[in-house]
Amino acid sequence: MVKVLLINPPLSKNELYARGSEESASILPPLGLAYVAAVLEKAEHSVEVIDGIAEDISLEEIGKRTIGFDAIGIISLTAFALRSHQTAAEVKKNSDVPVIMGGPHPTAIPFEVIKDSNVDYVVVGEGEYTFLELVDNLMDKHKIKDILGLVYRDEKGVVVFNGSRPLLQNIDELPYPALHLFPMEKYKNSEIRSARQPALSIMTSRGCAFGCTFCNKKIFGKRFRAHSAKRVVDEIEWLMKEFGAKQIAIWDETFTLDRQRVVDICDMIIERGLDIPWDCATRVNCVDYELMKKMKQAGCESISYGIESGSERVIKSINKGFTKQQVVDAINDTRRVGIETRAYFMLGLVGETMDDMKQTIRFAKMIKPDYASFTLLVPHPGTEEYEKALKEGEFDDHFWDKIVLPEYNFLEKPVYVPKGMTASQLLKMHMKAYKSFYFSPYTIFKILASIRSMNDVKRIFIGVKTMLKAEVKS
Ligand code: B12
Ligand code: SF4
């Protein structure tokens with residue numbers, strides 16, 4: 001039995017929520033670590049977890065808790081890669097335990113990440129079985145060269161990549177995420193999103209066949225692999241019984257890609273009489289009225305759509321693979337069945353002009369979703385937008401070495417500014433997007449008309465406060 005510690009690096013409230021939106025963000029368990037932990041536990045290793053975000057502790061405190069383990073795994077996203085490396089350094093200050101880094105950032109640029117001498121191994125891609133094999137063979141260095149999905153320095157200090165690990169064929173073989181190891185009492189959903197706590201999350205599929213140029217798909221690849229309907233509904237029931245879930249967030253990027261599977265999931269939720277509201281995200285060209293009627297019956301309250309732009313030209317250039325008309329139809333149909341619509345837009349895409357951004361803002365107001373979010377593009381390594389931004393010549397290709405990105409949209413300094421505009425113009429446009437969407441007479445009326453309880457008043461108050469704070473600082 002090997003003693004393993006898994007760490008979600010700590011992020012301060014300012015880093016996590018950016019500009020005063022502390023009250024409005026969700027803190028939910030990192031499912032990647034939870035799956036890695038579950039597979040280790042199934043193989044009878046001992047696993048502990050520190051969630052530096054939920055526990056709100058310092059690097060130093062984490063360092064003190066890293067003594068006495070045989071292996072330490074750290075998750076890294078580009079947004080907080082700097083903090084993941086600082087965590088690795090803190091671990092090494094306290095003991096000489098092997099440090100293993102995994103997640104979207106190391107998967108995108110493993111050879112950069114392994115340059116950090118505090119990182120001994122990088123797990124590339126789906127991490128459960130690569131990490132398990134590594135842990136099983138930590139004492140037997142000869143076997144390490146056979147572990148697919150691993151990047152490391154050999155005895156001579158030469159960086160070796162053992163080759164990619166084939167993706168899991170049947171994801172139903174995975175155990176449920178090991179949530180019992182996490183500080184479950186500390187998680188909460190955004191109060192703007194839902195007043196029902198606890199809200200817990202579930203990932204019912206992996207992989208996406210579409211090719212949006214800003215999206216990193218190196219972990220789960222292009223092949224859509226889904227849990228069976230039965231497994232999904234069993235897991236929802238488990239979250240309700242074991243952890244008292246009152247709301248479920250389905251984290252799949254395109255939940256409705258396999259229409260029949262969604263119908264089956266909904267039928268099973270209805271048959272079992274599960275009284276649990278849920279929300280999901282999908283693409284506008286993967287829904288239809290009848291399907292959403294069924295979803296509504298089964299408890300679906302809200303659908304998030306990645307729309308990104310209102311400029312037909314930009315929609316094509318980022319390879320979204322749908323038309324503006326499909327957006328209009330999907331939003332209208334979702335509204336007609338009585339499901340809340342959340343629209344996600346991006347500003348400052350590579351090659352975008354001020355006019356494109358104005359079209360996006362106009363489009364957002366025209367389609368009238370219940371919520372709109374406008375995010376400034378961060379060109380992530382491993383994506384086409386990153387390559388395009390590099391070609392323009394002024395983009396800092398190692399931005400993650402210097403900053404921890406604020407999570408949500410109110411960024412103070414854009415990572416990337418499209419050619420032909422200044423950072424201040426981009427930020428002004430960003431603020432304008434929020435102001436003109438949320439302070440339009442239609443939205444104000446709709447928000448006021450939606451008030452049903454004191455909780456609704458509180459949610460609206462938090463939302464407005466967040467936006468005003470953002471404006472004061474910009
Ligand atoms: C849910 C989600 C969120 C939630 C996160 C909540 C949470 N507590 O985790 C919220 C909404 C907060 C969020 C925010 C953001 N997100 Co996000 N998010 C996702 C999403 C849809 C699912 C994450 C998930 O749970 N996946 C399921 C698990 C099983 O997968 P996983 O975490 O990748 O873990 C596997 C491997 O990576 C690996 N692994 C992971 N950790 C470790 C650790 C070790 C030690 C090992 C060995 C292996 C390992 O093994 C795991 C099992 O196979 C992913 C897309 C996706 N399909 O994964 C994007 C994704 C992770 N997000 C992304 C981005 C860009 C963001 C934001 C920057 C967006 C923004 N503009 O604000 C912010 C950054 C937030 C921050 N400060 O960290 C990118 C990350 C790209 C990158 N290079 O880092 C992704 C990959 C989307 C994409 N395709 O581009 N996100
Ligand atoms: S943004 Fe969504 S639809 Fe586009 S490639 Fe990524 S996961 Fe697929």
# chains A, B, ... in the order shown; residues from 1 in each chain; ligands from 1
call {"tool": "residues_around", "arguments": {"residues": "Glu312 of chain A", "least_positions_apart": "3", "cutoff": "8 Å", "atoms": "only C-alpha atoms", "output": "list in words"}}
result
Ser309, Ile315, Lys316, Thr323 and Lys324 of chain A
call {"tool": "select_by_dssp", "arguments": {"residues": "segment 386-428 of chain A", "states": "alpha helix (DSSP H)", "output": "VMD selection string"}}
result
chain A and resid 386 to 392 423 to 428
call {"tool": "write_last_selection", "arguments": {"atoms": "C-alpha atoms", "output": "mmCIF file, in the first residue's frame"}}
result
data_model
loop_
_atom_site.group_PDB
_atom_site.id
_atom_site.type_symbol
_atom_site.label_atom_id
_atom_site.label_comp_id
_atom_site.auth_asym_id
_atom_site.auth_seq_id
_atom_site.Cartn_x
_atom_site.Cartn_y
_atom_site.Cartn_z
ATOM 1 C CA TYR A 386 -2.685 30.157 -28.987
ATOM 2 C CA GLU A 387 -0.811 29.383 -32.209
ATOM 3 C CA LYS A 388 -2.622 32.206 -34.025
ATOM 4 C CA ALA A 389 -1.856 34.666 -31.230
ATOM 5 C CA LEU A 390 1.821 33.643 -31.284
ATOM 6 C CA LYS A 391 2.058 34.337 -34.989
ATOM 7 C CA GLU A 392 0.967 37.938 -34.415
ATOM 8 C CA ALA A 423 -5.888 46.837 -23.738
ATOM 9 C CA SER A 424 -7.925 49.745 -22.448
ATOM 10 C CA GLN A 425 -10.261 49.638 -25.467
ATOM 11 C CA LEU A 426 -10.756 45.911 -24.941
ATOM 12 C CA LEU A 427 -11.494 46.332 -21.223
ATOM 13 C CA LYS A 428 -13.941 49.134 -21.921
#
call {"tool": "atom_distance", "arguments": {"atom1": "atom CA of Met1 of chain A", "atom2": "atom 40 (C, counted along the ligand's line) of ligand 1"}}
result
21.8 Å
call {"tool": "residues_near_ligand", "arguments": {"ligand": "ligand 1", "cutoff": "7 Å", "atoms": "only C-alpha atoms and all ligand atoms", "output": "PDB file with N, CA and C atoms, in the first residue's frame"}}
result
ATOM      1  N   LEU A   6      -3.100  13.952  -2.649  1.00  0.00           N
ATOM      2  CA  LEU A   6      -3.461  14.705  -3.860  1.00  0.00           C
ATOM      3  C   LEU A   6      -3.788  16.141  -3.457  1.00  0.00           C
ATOM      4  N   LEU A  16      -9.188  33.816  -7.124  1.00  0.00           N
ATOM      5  CA  LEU A  16     -10.224  32.920  -7.610  1.00  0.00           C
ATOM      6  C   LEU A  16     -11.409  33.668  -8.189  1.00  0.00           C
ATOM      7  N   SER A  26     -18.922  29.726  -7.414  1.00  0.00           N
ATOM      8  CA  SER A  26     -19.088  28.384  -6.854  1.00  0.00           C
ATOM      9  C   SER A  26     -17.745  27.842  -6.393  1.00  0.00           C
ATOM     10  N   ILE A  27     -17.763  27.025  -5.366  1.00  0.00           N
ATOM     11  CA  ILE A  27     -16.575  26.232  -5.038  1.00  0.00           C
ATOM     12  C   ILE A  27     -17.057  24.790  -4.983  1.00  0.00           C
ATOM     13  N   LEU A  28     -16.615  24.012  -5.959  1.00  0.00           N
ATOM     14  CA  LEU A  28     -17.075  22.630  -6.056  1.00  0.00           C
ATOM     15  C   LEU A  28     -15.878  21.690  -6.141  1.00  0.00           C
ATOM     16  N   PRO A  29     -16.079  20.417  -5.796  1.00  0.00           N
ATOM     17  CA  PRO A  29     -14.930  19.502  -5.761  1.00  0.00           C
ATOM     18  C   PRO A  29     -14.298  19.320  -7.140  1.00  0.00           C
ATOM     19  N   PRO A  30     -12.960  19.315  -7.211  1.00  0.00           N
ATOM     20  CA  PRO A  30     -12.291  19.068  -8.495  1.00  0.00           C
ATOM     21  C   PRO A  30     -12.428  17.589  -8.871  1.00  0.00           C
ATOM     22  N   LEU A  31     -13.264  17.303  -9.857  1.00  0.00           N
ATOM     23  CA  LEU A  31     -13.589  15.897 -10.153  1.00  0.00           C
ATOM     24  C   LEU A  31     -12.383  15.111 -10.665  1.00  0.00           C
ATOM     25  N   GLY A  32     -11.455  15.798 -11.373  1.00  0.00           N
ATOM     26  CA  GLY A  32     -10.270  15.089 -11.880  1.00  0.00           C
ATOM     27  C   GLY A  32      -9.525  14.401 -10.745  1.00  0.00           C
ATOM     28  N   LEU A  33      -9.269  15.147  -9.674  1.00  0.00           N
ATOM     29  CA  LEU A  33      -8.564  14.561  -8.522  1.00  0.00           C
ATOM     30  C   LEU A  33      -9.412  13.459  -7.886  1.00  0.00           C
ATOM     31  N   TYR A  35     -11.515  11.401  -9.314  1.00  0.00           N
ATOM     32  CA  TYR A  35     -11.442  10.139 -10.072  1.00  0.00           C
ATOM     33  C   TYR A  35     -10.097   9.453  -9.872  1.00  0.00           C
ATOM     34  N   VAL A  36      -9.029  10.241  -9.901  1.00  0.00           N
ATOM     35  CA  VAL A  36      -7.693   9.668  -9.673  1.00  0.00           C
ATOM     36  C   VAL A  36      -7.683   8.997  -8.298  1.00  0.00           C
ATOM     37  N   GLY A  73       0.507  14.051  -5.670  1.00  0.00           N
ATOM     38  CA  GLY A  73       0.000  14.473  -6.976  1.00  0.00           C
ATOM     39  C   GLY A  73      -0.588  15.866  -6.872  1.00  0.00           C
ATOM     40  N   ILE A  74      -0.320  16.686  -7.887  1.00  0.00           N
ATOM     41  CA  ILE A  74      -0.837  18.068  -7.885  1.00  0.00           C
ATOM     42  C   ILE A  74      -1.540  18.308  -9.221  1.00  0.00           C
ATOM     43  N   ILE A  75      -2.727  18.885  -9.159  1.00  0.00           N
ATOM     44  CA  ILE A  75      -3.447  19.223 -10.402  1.00  0.00           C
ATOM     45  C   ILE A  75      -3.000  20.597 -10.892  1.00  0.00           C
ATOM     46  N   SER A  76      -2.964  20.762 -12.197  1.00  0.00           N
ATOM     47  CA  SER A  76      -2.602  22.071 -12.739  1.00  0.00           C
ATOM     48  C   SER A  76      -3.473  22.431 -13.945  1.00  0.00           C
ATOM     49  N   LEU A  77      -4.070  23.612 -13.857  1.00  0.00           N
ATOM     50  CA  LEU A  77      -4.734  24.229 -15.012  1.00  0.00           C
ATOM     51  C   LEU A  77      -3.869  25.421 -15.400  1.00  0.00           C
ATOM     52  N   THR A  78      -3.914  25.837 -16.634  1.00  0.00           N
ATOM     53  CA  THR A  78      -3.089  26.972 -17.050  1.00  0.00           C
ATOM     54  C   THR A  78      -3.401  28.195 -16.179  1.00  0.00           C
ATOM     55  N   ALA A  79      -4.674  28.349 -15.829  1.00  0.00           N
ATOM     56  CA  ALA A  79      -5.095  29.509 -15.049  1.00  0.00           C
ATOM     57  C   ALA A  79      -4.327  29.632 -13.731  1.00  0.00           C
ATOM     58  N   PHE A  80      -3.955  28.490 -13.132  1.00  0.00           N
ATOM     59  CA  PHE A  80      -3.221  28.579 -11.863  1.00  0.00           C
ATOM     60  C   PHE A  80      -1.951  27.721 -11.878  1.00  0.00           C
ATOM     61  N   ILE A 100       4.143  14.465  -8.629  1.00  0.00           N
ATOM     62  CA  ILE A 100       3.557  14.125  -9.931  1.00  0.00           C
ATOM     63  C   ILE A 100       2.546  15.201 -10.284  1.00  0.00           C
ATOM     64  N   MET A 101       2.675  15.767 -11.485  1.00  0.00           N
ATOM     65  CA  MET A 101       1.710  16.804 -11.871  1.00  0.00           C
ATOM     66  C   MET A 101       0.845  16.293 -13.022  1.00  0.00           C
ATOM     67  N   GLY A 102      -0.455  16.570 -12.942  1.00  0.00           N
ATOM     68  CA  GLY A 102      -1.371  16.149 -14.007  1.00  0.00           C
ATOM     69  C   GLY A 102      -2.437  17.203 -14.217  1.00  0.00           C
ATOM     70  N   GLY A 103      -3.271  17.020 -15.257  1.00  0.00           N
ATOM     71  CA  GLY A 103      -4.352  17.971 -15.545  1.00  0.00           C
ATOM     72  C   GLY A 103      -4.164  18.614 -16.907  1.00  0.00           C
ATOM     73  N   PRO A 104      -5.047  19.552 -17.269  1.00  0.00           N
ATOM     74  CA  PRO A 104      -5.021  20.127 -18.620  1.00  0.00           C
ATOM     75  C   PRO A 104      -3.719  20.859 -18.976  1.00  0.00           C
ATOM     76  N   HIS A 105      -3.118  21.560 -18.009  1.00  0.00           N
ATOM     77  CA  HIS A 105      -1.922  22.338 -18.344  1.00  0.00           C
ATOM     78  C   HIS A 105      -0.713  21.430 -18.629  1.00  0.00           C
ATOM     79  N   ALA A 108      -1.075  19.778 -21.924  1.00  0.00           N
ATOM     80  CA  ALA A 108      -0.857  20.634 -23.110  1.00  0.00           C
ATOM     81  C   ALA A 108       0.635  20.842 -23.369  1.00  0.00           C
ATOM     82  N   VAL A 123       1.930  13.515 -15.748  1.00  0.00           N
ATOM     83  CA  VAL A 123       0.948  12.593 -16.314  1.00  0.00           C
ATOM     84  C   VAL A 123       0.218  13.316 -17.435  1.00  0.00           C
ATOM     85  N   GLY A 125      -2.705  13.493 -20.217  1.00  0.00           N
ATOM     86  CA  GLY A 125      -4.021  12.978 -20.625  1.00  0.00           C
ATOM     87  C   GLY A 125      -4.799  12.393 -19.461  1.00  0.00           C
ATOM     88  N   GLU A 126      -5.721  11.495 -19.814  1.00  0.00           N
ATOM     89  CA  GLU A 126      -6.545  10.833 -18.793  1.00  0.00           C
ATOM     90  C   GLU A 126      -5.621  10.227 -17.748  1.00  0.00           C
ATOM     91  N   GLY A 127      -5.840  10.581 -16.488  1.00  0.00           N
ATOM     92  CA  GLY A 127      -4.781  10.321 -15.516  1.00  0.00           C
ATOM     93  C   GLY A 127      -4.936   9.106 -14.633  1.00  0.00           C
ATOM     94  N   GLU A 128      -6.139   8.524 -14.568  1.00  0.00           N
ATOM     95  CA  GLU A 128      -6.396   7.516 -13.527  1.00  0.00           C
ATOM     96  C   GLU A 128      -5.390   6.368 -13.557  1.00  0.00           C
ATOM     97  N   PHE A 131      -1.454   7.192 -13.390  1.00  0.00           N
ATOM     98  CA  PHE A 131      -1.031   7.486 -12.018  1.00  0.00           C
ATOM     99  C   PHE A 131      -1.005   6.214 -11.173  1.00  0.00           C
ATOM    100  N   MET A 203     -19.869  14.339 -14.080  1.00  0.00           N
ATOM    101  CA  MET A 203     -19.357  14.383 -15.461  1.00  0.00           C
ATOM    102  C   MET A 203     -19.865  13.114 -16.114  1.00  0.00           C
ATOM    103  N   ARG A 206     -17.028  12.016 -21.727  1.00  0.00           N
ATOM    104  CA  ARG A 206     -15.689  12.565 -21.968  1.00  0.00           C
ATOM    105  C   ARG A 206     -15.483  12.667 -23.476  1.00  0.00           C
ATOM    106  N   GLY A 207     -14.746  13.694 -23.896  1.00  0.00           N
ATOM    107  CA  GLY A 207     -14.398  13.825 -25.314  1.00  0.00           C
ATOM    108  C   GLY A 207     -15.405  14.660 -26.081  1.00  0.00           C
ATOM    109  N   PHE A 214     -10.399  27.687 -29.613  1.00  0.00           N
ATOM    110  CA  PHE A 214      -9.902  28.184 -28.317  1.00  0.00           C
ATOM    111  C   PHE A 214      -9.909  27.084 -27.264  1.00  0.00           C
ATOM    112  N   CYS A 215     -10.320  25.880 -27.649  1.00  0.00           N
ATOM    113  CA  CYS A 215     -10.605  24.860 -26.640  1.00  0.00           C
ATOM    114  C   CYS A 215      -9.512  23.798 -26.604  1.00  0.00           C
ATOM    115  N   ASN A 216      -9.125  23.431 -25.397  1.00  0.00           N
ATOM    116  CA  ASN A 216      -8.093  22.420 -25.216  1.00  0.00           C
ATOM    117  C   ASN A 216      -8.753  21.055 -25.062  1.00  0.00           C
ATOM    118  N   LYS A 217      -8.513  20.173 -26.036  1.00  0.00           N
ATOM    119  CA  LYS A 217      -9.179  18.874 -25.960  1.00  0.00           C
ATOM    120  C   LYS A 217      -8.167  17.743 -25.817  1.00  0.00           C
ATOM    121  N   ILE A 219      -6.990  16.328 -23.178  1.00  0.00           N
ATOM    122  CA  ILE A 219      -7.181  15.313 -22.130  1.00  0.00           C
ATOM    123  C   ILE A 219      -8.071  14.172 -22.636  1.00  0.00           C
ATOM    124  N   PHE A 220      -9.257  14.533 -23.077  1.00  0.00           N
ATOM    125  CA  PHE A 220     -10.243  13.491 -23.386  1.00  0.00           C
ATOM    126  C   PHE A 220     -10.427  13.245 -24.873  1.00  0.00           C
ATOM    127  N   TRP A 251     -21.421  18.650 -15.672  1.00  0.00           N
ATOM    128  CA  TRP A 251     -20.282  19.407 -16.166  1.00  0.00           C
ATOM    129  C   TRP A 251     -19.859  19.061 -17.591  1.00  0.00           C
ATOM    130  N   ASP A 252     -20.549  18.120 -18.233  1.00  0.00           N
ATOM    131  CA  ASP A 252     -20.166  17.762 -19.615  1.00  0.00           C
ATOM    132  C   ASP A 252     -20.191  19.003 -20.480  1.00  0.00           C
ATOM    133  N   GLU A 253     -19.304  19.017 -21.474  1.00  0.00           N
ATOM    134  CA  GLU A 253     -19.321  20.178 -22.361  1.00  0.00           C
ATOM    135  C   GLU A 253     -20.477  20.121 -23.348  1.00  0.00           C
ATOM    136  N   THR A 375     -16.471  36.655 -21.644  1.00  0.00           N
ATOM    137  CA  THR A 375     -15.120  36.348 -21.141  1.00  0.00           C
ATOM    138  C   THR A 375     -14.093  36.844 -22.142  1.00  0.00           C
ATOM    139  N   VAL A 378      -8.411  33.992 -23.345  1.00  0.00           N
ATOM    140  CA  VAL A 378      -7.060  33.642 -22.902  1.00  0.00           C
ATOM    141  C   VAL A 378      -6.599  32.536 -23.846  1.00  0.00           C
ATOM    142  N   HIS A 380      -5.029  29.535 -24.698  1.00  0.00           N
ATOM    143  CA  HIS A 380      -4.401  28.478 -23.898  1.00  0.00           C
ATOM    144  C   HIS A 380      -3.439  27.662 -24.743  1.00  0.00           C
ATOM    145  N   PRO A 381      -2.290  27.290 -24.170  1.00  0.00           N
ATOM    146  CA  PRO A 381      -1.368  26.436 -24.925  1.00  0.00           C
ATOM    147  C   PRO A 381      -2.087  25.150 -25.329  1.00  0.00           C
ATOM    148  N   LEU A 405      -4.549  33.482 -13.026  1.00  0.00           N
ATOM    149  CA  LEU A 405      -5.646  34.213 -13.676  1.00  0.00           C
ATOM    150  C   LEU A 405      -6.872  34.306 -12.783  1.00  0.00           C
ATOM    151  N   PRO A 406      -7.474  35.474 -12.713  1.00  0.00           N
ATOM    152  CA  PRO A 406      -8.770  35.527 -12.032  1.00  0.00           C
ATOM    153  C   PRO A 406      -9.747  34.641 -12.789  1.00  0.00           C
ATOM    154  N   GLU A 407     -10.565  33.954 -12.041  1.00  0.00           N
ATOM    155  CA  GLU A 407     -11.387  32.932 -12.662  1.00  0.00           C
ATOM    156  C   GLU A 407     -12.424  33.477 -13.618  1.00  0.00           C
ATOM    157  N   TYR A 408     -13.164  34.449 -13.152  1.00  0.00           N
ATOM    158  CA  TYR A 408     -14.286  34.844 -13.975  1.00  0.00           C
ATOM    159  C   TYR A 408     -13.930  35.980 -14.928  1.00  0.00           C
ATOM    160  N   ASN A 409     -14.873  36.807 -15.221  1.00  0.00           N
ATOM    161  CA  ASN A 409     -14.711  37.641 -16.403  1.00  0.00           C
ATOM    162  C   ASN A 409     -14.092  39.006 -16.184  1.00  0.00           C
TER     163      ASN A 409
END
call {"tool": "residues_near_ligand", "arguments": {"ligand": "ligand 2", "cutoff": "12 Å", "atoms": "only C-alpha atoms and all ligand atoms", "output": "PyMOL selection string"}}
result
chain A and resi 205-224+251-257+281-286+304-308+315+318-322+344-346+383-384
call {"tool": "residues_around", "arguments": {"residues": "Met354 of chain A", "least_positions_apart": "5", "cutoff": "10 Å", "atoms": "only C-alpha atoms", "output": "list of chain:residue names"}}
result
A:Leu347, A:Gly348, A:Gln359, A:Thr360, A:Pro418, A:Gly420, A:Met421, A:Gln425, A:Leu426, A:Met429
call {"tool": "write_last_selection", "arguments": {"atoms": "N, CA and C atoms", "output": "CSV table (one decimal), in the first residue's frame"}}
result
chain,number,residue,atom,x,y,z
A,347,LEU,N,-14.9,37.7,-25.8
A,347,LEU,CA,-14.5,39.0,-26.5
A,347,LEU,C,-12.9,38.9,-26.6
A,348,GLY,N,-12.4,39.6,-27.7
A,348,GLY,CA,-11.0,39.7,-27.9
A,348,GLY,C,-10.4,38.4,-28.5
A,359,GLN,N,-21.0,43.6,-32.5
A,359,GLN,CA,-22.0,42.7,-33.0
A,359,GLN,C,-22.4,41.6,-32.0
A,360,THR,N,-21.4,41.2,-31.2
A,360,THR,CA,-21.6,40.2,-30.2
A,360,THR,C,-22.5,40.8,-29.1
A,418,PRO,N,-6.3,41.7,-29.2
A,418,PRO,CA,-6.2,41.6,-30.6
A,418,PRO,C,-5.5,42.7,-31.3
A,420,GLY,N,-4.5,45.8,-33.4
A,420,GLY,CA,-5.3,46.9,-33.9
A,420,GLY,C,-6.1,47.5,-32.8
A,421,MET,N,-6.1,47.0,-31.6
A,421,MET,CA,-6.8,47.7,-30.5
A,421,MET,C,-5.9,47.7,-29.2
A,425,GLN,N,-9.1,49.7,-24.6
A,425,GLN,CA,-10.3,49.6,-25.5
A,425,GLN,C,-11.0,48.3,-25.2
A,426,LEU,N,-10.2,47.2,-25.1
A,426,LEU,CA,-10.8,45.9,-24.9
A,426,LEU,C,-11.5,45.8,-23.6
A,429,MET,N,-14.7,47.7,-23.7
A,429,MET,CA,-15.7,46.9,-24.4
A,429,MET,C,-16.3,45.8,-23.5
call {"tool": "atom_distance", "arguments": {"atom1": "atom CA of Leu138 of chain A", "atom2": "atom CA of Gly63 of chain A"}}
result
21.8 Å
call {"tool": "residues_around", "arguments": {"residues": "segment 83-99 of chain A", "least_positions_apart": "3", "cutoff": "9 Å", "atoms": "only C-alpha atoms", "output": "short mmCIF file (atom, residue, chain, number, x, y, z; two decimals) with N, CA and C atoms, in the first residue's frame"}}
result
data_model
loop_
_atom_site.label_atom_id
_atom_site.label_comp_id
_atom_site.auth_asym_id
_atom_site.auth_seq_id
_atom_site.Cartn_x
_atom_site.Cartn_y
_atom_site.Cartn_z
N ILE A 7 -3.29 17.09 -4.24
CA ILE A 7 -3.46 18.50 -3.85
C ILE A 7 -4.09 19.33 -4.96
N ASN A 8 -5.13 20.07 -4.58
CA ASN A 8 -5.65 21.16 -5.41
C ASN A 8 -5.00 22.42 -4.85
N PRO A 9 -4.13 23.11 -5.61
CA PRO A 9 -3.37 24.23 -5.04
C PRO A 9 -4.26 25.33 -4.49
N PRO A 10 -3.74 26.07 -3.52
CA PRO A 10 -4.56 27.12 -2.90
C PRO A 10 -4.64 28.36 -3.79
N LEU A 11 -5.82 28.96 -3.82
CA LEU A 11 -5.98 30.24 -4.53
C LEU A 11 -6.69 31.17 -3.57
N LEU A 59 0.02 28.30 1.24
CA LEU A 59 1.02 27.34 0.73
C LEU A 59 1.82 26.74 1.88
N GLU A 60 2.17 27.60 2.85
CA GLU A 60 2.98 27.13 3.98
C GLU A 60 2.24 26.04 4.76
N ILE A 62 -0.05 24.09 3.63
CA ILE A 62 -0.08 22.87 2.81
C ILE A 62 1.26 22.15 2.95
N GLY A 63 2.34 22.92 2.86
CA GLY A 63 3.68 22.33 2.97
C GLY A 63 3.80 21.47 4.21
N LYS A 64 3.29 22.00 5.35
CA LYS A 64 3.41 21.26 6.62
C LYS A 64 2.65 19.94 6.58
N ARG A 65 1.60 19.90 5.77
CA ARG A 65 0.78 18.67 5.75
C ARG A 65 1.26 17.65 4.72
N THR A 66 2.42 17.92 4.09
CA THR A 66 2.85 17.00 3.02
C THR A 66 3.87 15.97 3.50
N ILE A 67 4.13 15.99 4.80
CA ILE A 67 5.16 15.05 5.31
C ILE A 67 4.53 13.68 5.57
N GLY A 68 5.30 12.62 5.27
CA GLY A 68 4.83 11.27 5.58
C GLY A 68 4.14 10.55 4.44
N PHE A 69 4.22 11.08 3.23
CA PHE A 69 3.59 10.41 2.09
C PHE A 69 4.66 9.79 1.17
N ASP A 70 4.23 8.82 0.35
CA ASP A 70 5.16 8.19 -0.60
C ASP A 70 5.10 8.85 -1.97
N ALA A 71 3.98 9.51 -2.25
CA ALA A 71 3.84 10.18 -3.55
C ALA A 71 2.85 11.32 -3.39
N ILE A 72 3.12 12.43 -4.10
CA ILE A 72 2.20 13.57 -4.01
C ILE A 72 1.81 14.03 -5.41
N GLY A 73 0.51 14.05 -5.67
CA GLY A 73 0.00 14.47 -6.98
C GLY A 73 -0.59 15.87 -6.87
N ILE A 74 -0.32 16.69 -7.89
CA ILE A 74 -0.84 18.07 -7.89
C ILE A 74 -1.54 18.31 -9.22
N ILE A 75 -2.73 18.88 -9.16
CA ILE A 75 -3.45 19.22 -10.40
C ILE A 75 -3.00 20.60 -10.89
N SER A 76 -2.96 20.76 -12.20
CA SER A 76 -2.60 22.07 -12.74
C SER A 76 -3.47 22.43 -13.95
N LEU A 77 -4.07 23.61 -13.86
CA LEU A 77 -4.73 24.23 -15.01
C LEU A 77 -3.87 25.42 -15.40
N PHE A 80 -3.96 28.49 -13.13
CA PHE A 80 -3.22 28.58 -11.86
C PHE A 80 -1.95 27.72 -11.88
N VAL A 113 6.55 21.72 -18.43
CA VAL A 113 6.25 21.50 -17.02
C VAL A 113 7.35 20.68 -16.35
N ASP A 116 10.59 22.09 -14.52
CA ASP A 116 10.62 22.47 -13.11
C ASP A 116 11.23 21.31 -12.32
N SER A 117 12.36 21.56 -11.66
CA SER A 117 13.05 20.46 -10.98
C SER A 117 12.26 19.95 -9.78
N ASN A 118 11.22 20.69 -9.36
CA ASN A 118 10.38 20.20 -8.26
C ASN A 118 9.33 19.21 -8.73
N VAL A 119 9.24 19.02 -10.04
CA VAL A 119 8.26 18.07 -10.58
C VAL A 119 9.03 16.85 -11.08
N ASP A 120 8.68 15.67 -10.56
CA ASP A 120 9.41 14.47 -10.98
C ASP A 120 8.74 13.75 -12.13
N TYR A 121 7.42 13.77 -12.16
CA TYR A 121 6.70 13.08 -13.23
C TYR A 121 5.54 13.95 -13.70
N VAL A 122 5.28 13.88 -15.01
CA VAL A 122 4.10 14.55 -15.55
C VAL A 122 3.19 13.48 -16.14
N LEU A 138 6.46 2.61 -8.08
CA LEU A 138 7.39 3.66 -7.62
C LEU A 138 8.74 3.09 -7.17
N ILE A 403 1.49 34.80 -13.77
CA ILE A 403 0.22 35.22 -13.14
C ILE A 403 -0.64 34.02 -12.78
N VAL A 404 -1.52 34.28 -11.81
CA VAL A 404 -2.63 33.37 -11.58
C VAL A 404 -3.85 34.11 -12.09
#
call {"tool": "select_by_dssp", "arguments": {"residues": "segment 313-404 of chain A", "states": "strand (DSSP E)", "output": "ChimeraX atom specification"}}
result
/A:340-347,371-376
call {"tool": "closest_residue", "arguments": {"among": "A:Ile171, A:Gln247, A:Gly393, A:Ser440", "to": "Val417 of chain A", "atoms": "only C-alpha atoms"}}
result
A:Gly393
call {"tool": "residues_around", "arguments": {"residues": "Gly244 of chain A", "least_positions_apart": "2", "cutoff": "12 Å", "atoms": "only C-alpha atoms", "output": "PyMOL selection string"}}
result
chain A and resi 184-185+196-200+236-242+246-248+276
